[in-house]
Amino acid sequence: MNLAIIGYGKMGKAIDAIAQKRGHTIGLIIDLENRHDLNPSNLKAIDVVIEFTTPHTAYEHVTYCLSQQKPVVCGSTGWLQQLEEAKKIAEENQTGLIVASNFSVGVNLFFELNRQLARLMQNHPEYEIAIKEIHHTQKKDAPSGTAISLAEQILDTIPRKKNWVNGPSSSPETLSIISERTDPAPGTHHVRYASAIDDIEIIHTAHSREGFAEGAVLAAEFLHGKKGFYSMKEVLSL
């Protein structure tokens with residue numbers, strides 16, 4: 001495939017290396033200095049766009065590429081309140097879209113473990129639930145999109161939890177997410193069920209960005225030639 005990468009920070013560079021290793025070409029790279037190069041002429045030969053930027057720019061990038069009938073894989077978080085609008089634009093333009101809070105294969109397996117553990121624990125109110133996430137200091141959003149996904153999976157499964165908050169909480173209806181920013185830390189997520197008798201905890205720790213980059217390229221390979229909205233569950237057949 002001929003790929004475009006929007007956002008050429010550490011993640012964009014990792015995606016570039018993995019994509020070329022898997023036999024793809026990078027036909028277009030867009031970063032802060034050359035945003036004007038994101039235009040119909042440069043997108044014409046692109047098969048799939050991979051977007052990793054910021055919460056403030058992602059929606060504009062994604063919807064512009066979709067309007068040019070280019071499928072998009074987006075890993076930017078913090079803009080998902082506009083996701084339904086992006087889905088409509090993908091549908092109107094008969095193209096494909098994958099948006100994920102985390103493209104790592106390991107994290108998506110971790111999501112499945114989180115759902116299963118929540119199902120097992122839904123009838124055990126003696127366990128208090130909390131999420132903790134640790135990332136590098138350059139991460140723009142808190143809590144992480146991955147932590148929010150973990151929290152929403154728990155809220156969907158355990159009725160006694162009604163909402164989440166980024167910080168400590170004394171309310172039994174509120175799920176606490178604690179965010180820490182320290183270097184170097186590609187990303188660690190803890191989900192803990194704690195009681196007076198014992199604790200149950202699942203943890204995912206990323207050792208580098210390669211797992212996220214490889215998952216994004218796998219998603220692009222899956223999306224090539226498809227129409228509609230997909231998630232990593234479909235990409236990984238989970």
# chains A, B, ... in the order shown; residues from 1 in each chain; ligands from 1
>>> residues_around(residues="Ser67 in chain A", least_positions_apart="3", cutoff="12 Å", atoms="only C-alpha atoms", output="list of chain:residue names")
A:Asn39, A:Pro40, A:Leu43, A:Tyr59, A:Glu60, A:His61, A:Val62, A:Thr63, A:Tyr64, A:Lys70, A:Pro71, A:Val72, A:Ala86, A:Lys87, A:Lys88, A:Ile89, A:Ala90, A:Glu91, A:Glu92, A:Asn93, A:Gln94, A:Thr95, A:Gly96, A:Leu97
>>> residues_around(residues="Ser171 in chain A", least_positions_apart="4", cutoff="12 Å", atoms="only C-alpha atoms", output="number ranges by chain")
A: 128-130, 160-165, 167, 175-176
>>> residues_around(residues="Arg192 in chain A", least_positions_apart="4", cutoff="9 Å", atoms="only C-alpha atoms", output="list in words")
Tyr127, Glu128, Ile129, Ala130, Ile131, Lys132, Asp199, Ile200, Glu201, Ile202 and Ile203 of chain A
>>> write_last_selection(atoms="C-alpha atoms", output="mmCIF file, in the first residue's frame")
data_model
loop_
_atom_site.group_PDB
_atom_site.id
_atom_site.type_symbol
_atom_site.label_atom_id
_atom_site.label_comp_id
_atom_site.auth_asym_id
_atom_site.auth_seq_id
_atom_site.Cartn_x
_atom_site.Cartn_y
_atom_site.Cartn_z
ATOM 1 C CA TYR A 127 -14.681 -5.018 45.783
ATOM 2 C CA GLU A 128 -13.994 -1.355 45.093
ATOM 3 C CA ILE A 129 -12.785 -0.682 41.541
ATOM 4 C CA ALA A 130 -10.125 1.790 40.422
ATOM 5 C CA ILE A 131 -8.017 2.451 37.337
ATOM 6 C CA LYS A 132 -4.500 3.891 37.301
ATOM 7 C CA ASP A 199 -7.124 -7.546 45.749
ATOM 8 C CA ILE A 200 -7.478 -8.645 42.133
ATOM 9 C CA GLU A 201 -5.494 -6.661 39.584
ATOM 10 C CA ILE A 202 -4.773 -6.805 35.858
ATOM 11 C CA ILE A 203 -1.931 -4.754 34.383
#
>>> residues_around(residues="Thr188 in chain A", least_positions_apart="2", cutoff="7 Å", atoms="only C-alpha atoms", output="JSON, numbers by chain")
{"A": [133, 134, 135, 190, 204, 205, 206]}
>>> residues_around(residues="Ile26 in chain A", least_positions_apart="5", cutoff="9 Å", atoms="only C-alpha atoms", output="list in words")
Met1, Asn2, Leu3, Ala4, Ile5, Asp16, Ala19, Gln20 and Ile46 of chain A
>>> write_last_selection(atoms="N, CA and C atoms", output="compact mmCIF listing (two decimals), in the first residue's frame")
# COMPACT_ATOMS: atom_id res chain seq x y z
N MET A 1 0.83 -1.20 0.00
CA MET A 1 0.00 0.00 0.00
C MET A 1 0.87 1.25 0.00
N ASN A 2 0.27 2.33 -0.44
CA ASN A 2 0.90 3.63 -0.38
C ASN A 2 0.20 4.43 0.73
N LEU A 3 0.90 4.69 1.82
CA LEU A 3 0.30 5.26 3.01
C LEU A 3 0.65 6.73 3.17
N ALA A 4 -0.26 7.47 3.81
CA ALA A 4 0.03 8.82 4.28
C ALA A 4 0.07 8.78 5.80
N ILE A 5 1.01 9.50 6.39
CA ILE A 5 1.10 9.62 7.84
C ILE A 5 0.89 11.09 8.19
N ASP A 16 6.12 4.81 10.43
CA ASP A 16 6.90 4.84 9.19
C ASP A 16 7.81 3.62 9.11
N ALA A 19 5.78 0.28 8.85
CA ALA A 19 5.11 0.16 7.55
C ALA A 19 6.09 -0.25 6.46
N GLN A 20 7.25 0.39 6.45
CA GLN A 20 8.24 0.05 5.43
C GLN A 20 8.78 -1.36 5.64
N ILE A 46 -2.79 8.00 -2.55
CA ILE A 46 -2.72 7.38 -1.22
C ILE A 46 -3.82 6.33 -1.07
>>> closest_residue(among="A:Ile6, A:Ile98, A:Ile18, A:Val73", to="Arg209 in chain A", atoms="only C-alpha atoms")
A:Ile18
>>> select_by_dssp(residues="range 118-161 of chain A", states="strand (DSSP E)", output="VMD selection string")
chain A and resid 128 to 135
>>> residues_around(residues="Leu120 in chain A", least_positions_apart="4", cutoff="10 Å", atoms="only C-alpha atoms", output="MDAnalysis selection string")
chainID A and resid 114:116 124 157:158
>>> residues_around(residues="Glu210 in chain A", least_positions_apart="3", cutoff="9 Å", atoms="only C-alpha atoms", output="ChimeraX atom specification")
/A:11,14-15,18,104,207,213-215
>>> select_by_dssp(residues="range 13-226 of chain A", states="alpha helix (DSSP H)", output="NGL selection string")
:A and (13-21 or 40-43 or 58-67 or 83-92 or 105-121 or 145-157 or 210-223)
